[in-house]
>>> print(open('target32.json').read())   # JSON, C-alpha atoms
[["chain", "number", "residue", "atom", "x", "y", "z"],
["A", 1, "MET", "CA", -4.08, 56.04, -32.27],
["A", 2, "LYS", "CA", -0.42, 56.11, -33.25],
["A", 3, "PRO", "CA", 2.23, 56.54, -30.53],
["A", 4, "LEU", "CA", 3.77, 59.59, -32.24],
["A", 5, "HIS", "CA", 0.39, 61.30, -32.35],
["A", 6, "LYS", "CA", 0.02, 60.62, -28.62],
["A", 7, "ALA", "CA", 3.51, 62.01, -28.00],
["A", 8, "GLU", "CA", 2.59, 65.19, -29.89],
["A", 9, "GLN", "CA", -0.56, 65.51, -27.81],
["A", 10, "ALA", "CA", 1.35, 64.86, -24.59],
["A", 11, "VAL", "CA", 4.07, 67.45, -25.23],
["A", 12, "LEU", "CA", 1.47, 70.07, -26.13],
["A", 13, "GLY", "CA", -0.61, 69.12, -23.12],
["A", 14, "ALA", "CA", 2.44, 69.53, -20.89],
["A", 15, "ALA", "CA", 3.14, 72.96, -22.38],
["A", 16, "LEU", "CA", -0.47, 74.01, -21.83],
["A", 17, "LEU", "CA", -0.54, 72.66, -18.28],
["A", 18, "GLU", "CA", 2.81, 74.07, -17.24],
["A", 19, "PRO", "CA", 3.76, 76.94, -19.58],
["A", 20, "GLU", "CA", 7.28, 77.15, -18.16],
["A", 21, "ARG", "CA", 7.97, 73.81, -19.92],
["A", 22, "VAL", "CA", 8.07, 75.69, -23.24],
["A", 23, "ALA", "CA", 11.38, 77.28, -22.23],
["A", 24, "GLY", "CA", 13.00, 73.83, -21.99],
["A", 25, "LEU", "CA", 11.62, 72.74, -25.36],
["A", 26, "SER", "CA", 12.07, 75.90, -27.40],
["A", 27, "GLY", "CA", 15.81, 75.44, -27.93],
["A", 28, "TRP", "CA", 15.51, 72.19, -29.87],
["A", 29, "LEU", "CA", 11.90, 71.36, -30.71],
["A", 30, "GLU", "CA", 10.45, 73.23, -33.68],
["A", 31, "PRO", "CA", 6.88, 73.47, -35.01],
["A", 32, "ASP", "CA", 7.75, 71.60, -38.21],
["A", 33, "HIS", "CA", 8.80, 68.59, -36.14],
["A", 34, "PHE", "CA", 5.10, 67.96, -35.49],
["A", 35, "HIS", "CA", 3.31, 65.83, -38.06],
["A", 36, "HIS", "CA", -0.23, 67.09, -37.47],
["A", 37, "PRO", "CA", -0.77, 70.63, -38.89],
["A", 38, "MET", "CA", -2.95, 71.60, -35.94],
["A", 39, "HIS", "CA", -0.16, 70.62, -33.55],
["A", 40, "GLN", "CA", 2.38, 72.56, -35.62],
["A", 41, "ALA", "CA", 0.24, 75.69, -35.41],
["A", 42, "LEU", "CA", -0.41, 75.30, -31.70],
["A", 43, "TYR", "CA", 3.25, 74.76, -30.85],
["A", 44, "ALA", "CA", 4.22, 77.77, -32.99],
["A", 45, "ALA", "CA", 1.64, 79.83, -31.06],
["A", 46, "LEU", "CA", 3.06, 78.60, -27.73],
["A", 47, "LEU", "CA", 6.56, 79.60, -28.84],
["A", 48, "LYS", "CA", 5.30, 83.05, -29.89],
["A", 49, "LEU", "CA", 3.55, 83.60, -26.56],
["A", 50, "HIS", "CA", 6.70, 82.45, -24.78],
["A", 51, "ARG", "CA", 8.87, 84.91, -26.75],
["A", 52, "ASP", "CA", 6.36, 87.70, -26.12],
["A", 53, "GLY", "CA", 6.53, 87.05, -22.36],
["A", 54, "HIS", "CA", 2.91, 86.06, -21.77],
["A", 55, "PRO", "CA", 1.89, 86.47, -18.11],
["A", 56, "GLY", "CA", 0.94, 82.78, -17.98],
["A", 57, "MET", "CA", 4.63, 81.85, -18.31],
["A", 58, "THR", "CA", 5.36, 82.28, -14.62],
["A", 59, "SER", "CA", 4.79, 79.40, -12.25],
["A", 60, "ALA", "CA", 3.08, 81.83, -9.85],
["A", 61, "ALA", "CA", 0.34, 82.59, -12.38],
["A", 62, "ASP", "CA", -3.19, 82.35, -11.01],
["A", 63, "THR", "CA", -5.94, 80.19, -12.53],
["A", 64, "ALA", "CA", -7.36, 83.00, -14.67],
["A", 65, "THR", "CA", -3.92, 83.73, -16.15],
["A", 66, "SER", "CA", -3.34, 80.04, -16.79],
["A", 67, "LEU", "CA", -6.66, 79.82, -18.64],
["A", 68, "SER", "CA", -5.77, 82.90, -20.65],
["A", 69, "TRP", "CA", -2.53, 81.12, -21.65],
["A", 70, "VAL", "CA", -4.54, 78.26, -23.14],
["A", 71, "ASN", "CA", -7.13, 80.53, -24.76],
["A", 72, "ASP", "CA", -4.50, 82.91, -26.16],
["A", 73, "ALA", "CA", -2.56, 79.97, -27.61],
["A", 74, "VAL", "CA", -5.71, 78.59, -29.25],
["A", 75, "THR", "CA", -6.62, 82.03, -30.62],
["A", 76, "GLU", "CA", -3.11, 82.58, -32.03],
["A", 77, "ALA", "CA", -2.95, 79.08, -33.59],
["A", 78, "GLY", "CA", -6.50, 79.42, -34.92],
["A", 79, "GLN", "CA", -5.30, 82.19, -37.23],
["A", 80, "HIS", "CA", -3.16, 79.63, -39.09],
["A", 81, "VAL", "CA", -5.26, 76.46, -39.01],
["A", 82, "ARG", "CA", -8.96, 75.68, -39.03],
["A", 83, "GLY", "CA", -10.82, 73.58, -36.51],
["A", 84, "LEU", "CA", -8.72, 74.28, -33.43],
["A", 85, "THR", "CA", -10.97, 74.86, -30.42],
["A", 86, "SER", "CA", -10.50, 75.30, -26.70],
["A", 87, "ALA", "CA", -12.11, 71.90, -26.25],
["A", 88, "TYR", "CA", -9.34, 70.32, -28.32],
["A", 89, "ALA", "CA", -6.72, 72.16, -26.26],
["A", 90, "HIS", "CA", -8.28, 70.75, -23.11],
["A", 91, "SER", "CA", -8.19, 67.27, -24.62],
["A", 92, "LEU", "CA", -4.46, 67.81, -25.13],
["A", 93, "VAL", "CA", -4.15, 68.65, -21.44],
["A", 94, "ARG", "CA", -5.92, 65.36, -20.63],
["A", 95, "ALA", "CA", -3.55, 63.51, -22.99],
["A", 96, "CYS", "CA", -0.53, 64.46, -20.89],
["A", 97, "PRO", "CA", 0.00, 61.97, -18.06],
["A", 98, "ARG", "CA", 2.96, 63.82, -16.49],
["A", 99, "PRO", "CA", 3.98, 67.32, -17.54],
["A", 100, "ARG", "CA", 7.48, 66.88, -16.11],
["A", 101, "HIS", "CA", 8.10, 64.30, -18.86],
["A", 102, "ALA", "CA", 7.66, 66.96, -21.57],
["A", 103, "PRO", "CA", 11.30, 66.59, -22.74],
["A", 104, "PHE", "CA", 10.76, 62.86, -23.29],
["A", 105, "TYR", "CA", 7.56, 63.47, -25.25],
["A", 106, "GLY", "CA", 9.35, 66.16, -27.24],
["A", 107, "ARG", "CA", 12.18, 63.76, -27.98],
["A", 108, "MET", "CA", 9.68, 61.26, -29.36],
["A", 109, "VAL", "CA", 8.21, 63.98, -31.59],
["A", 110, "LEU", "CA", 11.70, 64.93, -32.80],
["A", 111, "GLU", "CA", 12.62, 61.31, -33.53],
["A", 112, "GLY", "CA", 9.37, 60.90, -35.46],
["A", 113, "ALA", "CA", 10.25, 63.98, -37.53],
["A", 114, "ILE", "CA", 13.71, 62.61, -38.24],
["A", 115, "HIS", "CA", 12.22, 59.27, -39.26],
["A", 116, "ARG", "CA", 9.73, 60.99, -41.60],
["A", 117, "ARG", "CA", 12.50, 63.06, -43.20],
["A", 118, "VAL", "CA", 14.79, 60.07, -43.72],
["A", 119, "THR", "CA", 11.88, 58.16, -45.27],
["A", 120, "GLU", "CA", 11.02, 61.13, -47.49],
["A", 121, "HIS", "CA", 14.62, 61.45, -48.69],
["A", 122, "ALA", "CA", 14.88, 57.70, -49.28],
["A", 123, "ILE", "CA", 11.75, 57.81, -51.44],
["A", 124, "ARG", "CA", 13.11, 60.77, -53.42],
["A", 125, "LEU", "CA", 16.46, 59.06, -53.87],
["A", 126, "HIS", "CA", 14.73, 55.88, -55.05],
["A", 127, "GLN", "CA", 12.60, 57.87, -57.51],
["A", 128, "ALA", "CA", 15.67, 59.72, -58.82],
["A", 129, "ALA", "CA", 17.54, 56.45, -59.25],
["A", 130, "ARG", "CA", 14.64, 54.91, -61.16],
["A", 131, "THR", "CA", 14.32, 58.00, -63.34],
["A", 132, "ASP", "CA", 18.06, 58.00, -64.08],
["A", 133, "ALA", "CA", 18.01, 54.27, -64.78],
["A", 134, "ALA", "CA", 15.14, 54.66, -67.23],
["A", 135, "ARG", "CA", 16.86, 57.64, -68.85],
["A", 136, "SER", "CA", 20.15, 55.75, -69.23],
["A", 137, "GLU", "CA", 18.30, 52.78, -70.76],
["A", 138, "VAL", "CA", 16.90, 55.12, -73.39],
["A", 139, "GLU", "CA", 20.27, 56.77, -73.94],
["A", 140, "ASP", "CA", 22.01, 53.41, -74.12],
["A", 141, "THR", "CA", 19.73, 52.01, -76.82],
["A", 142, "PRO", "CA", 21.98, 51.11, -79.78],
["A", 143, "ALA", "CA", 19.57, 52.65, -82.29],
["A", 144, "LEU", "CA", 19.93, 56.03, -80.61],
["A", 145, "ARG", "CA", 23.72, 56.08, -80.49],
["A", 146, "PRO", "CA", 25.42, 58.61, -82.78],
["A", 147, "GLY", "CA", 26.37, 56.97, -86.05],
["A", 148, "ALA", "CA", 24.30, 53.86, -85.40],
["A", 149, "HIS", "CA", 22.42, 54.27, -88.65],
["A", 150, "ARG", "CA", 25.65, 53.99, -90.65],
["A", 151, "ILE", "CA", 27.19, 50.62, -91.25],
["A", 152, "PRO", "CA", 30.93, 50.84, -90.76],
["A", 153, "HIS", "CA", 32.79, 49.69, -93.81],
["A", 154, "GLN", "CA", 36.41, 48.74, -94.27],
["A", 155, "PRO", "CA", 37.81, 47.35, -97.50],
["A", 156, "PRO", "CA", 39.17, 43.86, -97.12],
["A", 157, "PRO", "CA", 42.91, 43.76, -96.75],
["A", 158, "ALA", "CA", 44.90, 42.51, -99.76],
["A", 159, "MET", "CA", 46.88, 39.36, -99.18],
["A", 160, "GLY", "CA", 48.90, 38.61, -102.21],
["A", 161, "ASN", "CA", 46.75, 36.96, -104.84],
["A", 162, "ARG", "CA", 44.13, 36.03, -102.33],
["A", 163, "THR", "CA", 41.87, 38.38, -100.39],
["A", 164, "ARG", "CA", 40.56, 37.53, -97.02],
["A", 165, "LEU", "CA", 37.13, 38.65, -96.06],
["A", 166, "HIS", "CA", 37.35, 40.98, -93.13],
["A", 167, "LEU", "CA", 34.20, 41.04, -91.05],
["A", 168, "THR", "CA", 33.37, 44.21, -89.22],
["A", 169, "ARG", "CA", 31.09, 44.62, -86.33],
["A", 170, "PHE", "CA", 28.13, 46.88, -86.99],
["A", 171, "HIS", "CA", 24.86, 47.91, -85.47],
["A", 172, "THR", "CA", 21.56, 47.48, -87.18],
["A", 173, "VAL", "CA", 18.66, 49.80, -86.82],
["A", 174, "PRO", "CA", 15.67, 47.93, -85.45],
["A", 175, "GLY", "CA", 12.74, 48.32, -87.69]]
>>> encode(input="target32.json", output="structure tokens")
Amino acid sequence: MKPLHKAEQAVLGAALLEPERVAGLSGWLEPDHFHHPMHQALYAALLKLHRDGHPGMTSAADTATSLSWVNDAVTEAGQHVRGLTSAYAHSLVRACPRPRHAPFYGRMVLEGAIHRRVTEHAIRLHQAARTDAARSEVEDTPALRPGAHRIPHQPPPAMGNRTRLHLTRFHTVPG
């Protein structure tokens, strides 16, 4: 399993284990920073429950309220993505070694998102450069230049009794 995937699982596990961790992440970590669509949906659901003031957000929440936090998050995220179950949410909880390290896991997720975006933009830039290079090769073909089909002609200059042949440069049409 890739380290970034594990970091995504760990930050979500920390938020499910200790819901108050969402408050520290919500200012800078966004759902689209997650690579896995299921993780994006689950984090968006956690943010929504946090904004709505879910009772599980308090550290004094009892076990039943804490379980409702997990189940409500799964239910909310399940409306946007298929295949998300409570069992998967509990596997995310197991994937988090230390919930207090949630900011570090979140930072890894954010750095992964930045890396993916830079890579995506580099690929687009490369493709644009190749497209422009191919287009300029076509535009720069001598046969396609305006006036390339005409052979420029200048009469030879007169030099007394003798005429000197004046050679002109011209383009030929490939054929």
>>> closest_residue(input="target32.json", among="A:Val22, A:Arg107, A:Val70, A:Leu46", to="Val93 in chain A", atoms="all atoms listed in the file")
A:Val70
>>> residues_around(input="target32.json", residues="Ala102 in chain A", least_positions_apart="6", cutoff="8 Å", atoms="all atoms listed in the file", output="list of chain:residue names")
A:Ala10, A:Val11, A:Ala14, A:Ala15, A:Arg21, A:Leu25
>>> residues_around(input="target32.json", residues="Leu110 in chain A", least_positions_apart="6", cutoff="12 Å", atoms="all atoms listed in the file", output="number ranges by chain")
A: 4-5, 7-8, 11, 25, 28-35, 103-104, 116-117
>>> closest_residue(input="target32.json", among="A:Pro3, A:Arg100, A:Gly13, A:Ala122", to="Tyr88 in chain A", atoms="all atoms listed in the file")
A:Gly13
>>> atom_distance(input="target32.json", atom1="CA of Thr85 in chain A", atom2="CA of Ala41 in chain A")
12.3 Å
>>> atom_distance(input="target32.json", atom1="CA of Val81 in chain A", atom2="CA of Lys2 in chain A")
21.7 Å
>>> atom_distance(input="target32.json", atom1="CA of Leu67 in chain A", atom2="CA of Lys48 in chain A")
16.7 Å
>>> residues_around(input="target32.json", residues="Val74 in chain A", least_positions_apart="3", cutoff="7 Å", atoms="only C-alpha atoms", output="tab-separated table (two decimals) with C-alpha atoms, keeping the file's coordinate frame")
chain	number	residue	atom	x	y	z
A	42	LEU	CA	-0.41	75.30	-31.70
A	70	VAL	CA	-4.54	78.26	-23.14
A	71	ASN	CA	-7.13	80.53	-24.76
A	77	ALA	CA	-2.95	79.08	-33.59
A	78	GLY	CA	-6.50	79.42	-34.92
A	84	LEU	CA	-8.72	74.28	-33.43
A	85	THR	CA	-10.97	74.86	-30.42
A	86	SER	CA	-10.50	75.30	-26.70
>>> closest_residue(input="target32.json", among="A:Ser26, A:Ser91, A:Thr131, A:Thr119", to="Leu47 in chain A", atoms="all atoms listed in the file")
A:Ser26
>>> residues_around(input="target32.json", residues="Ser66 in chain A", least_positions_apart="4", cutoff="9 Å", atoms="only C-alpha atoms", output="VMD selection string")
chain A and resid 16 to 19 55 to 57 61 to 62 70 to 71
>>> closest_residue(input="target32.json", among="A:Met108, A:Met38, A:Ala45, A:Leu92", to="Leu12 in chain A", atoms="only C-alpha atoms")
A:Leu92
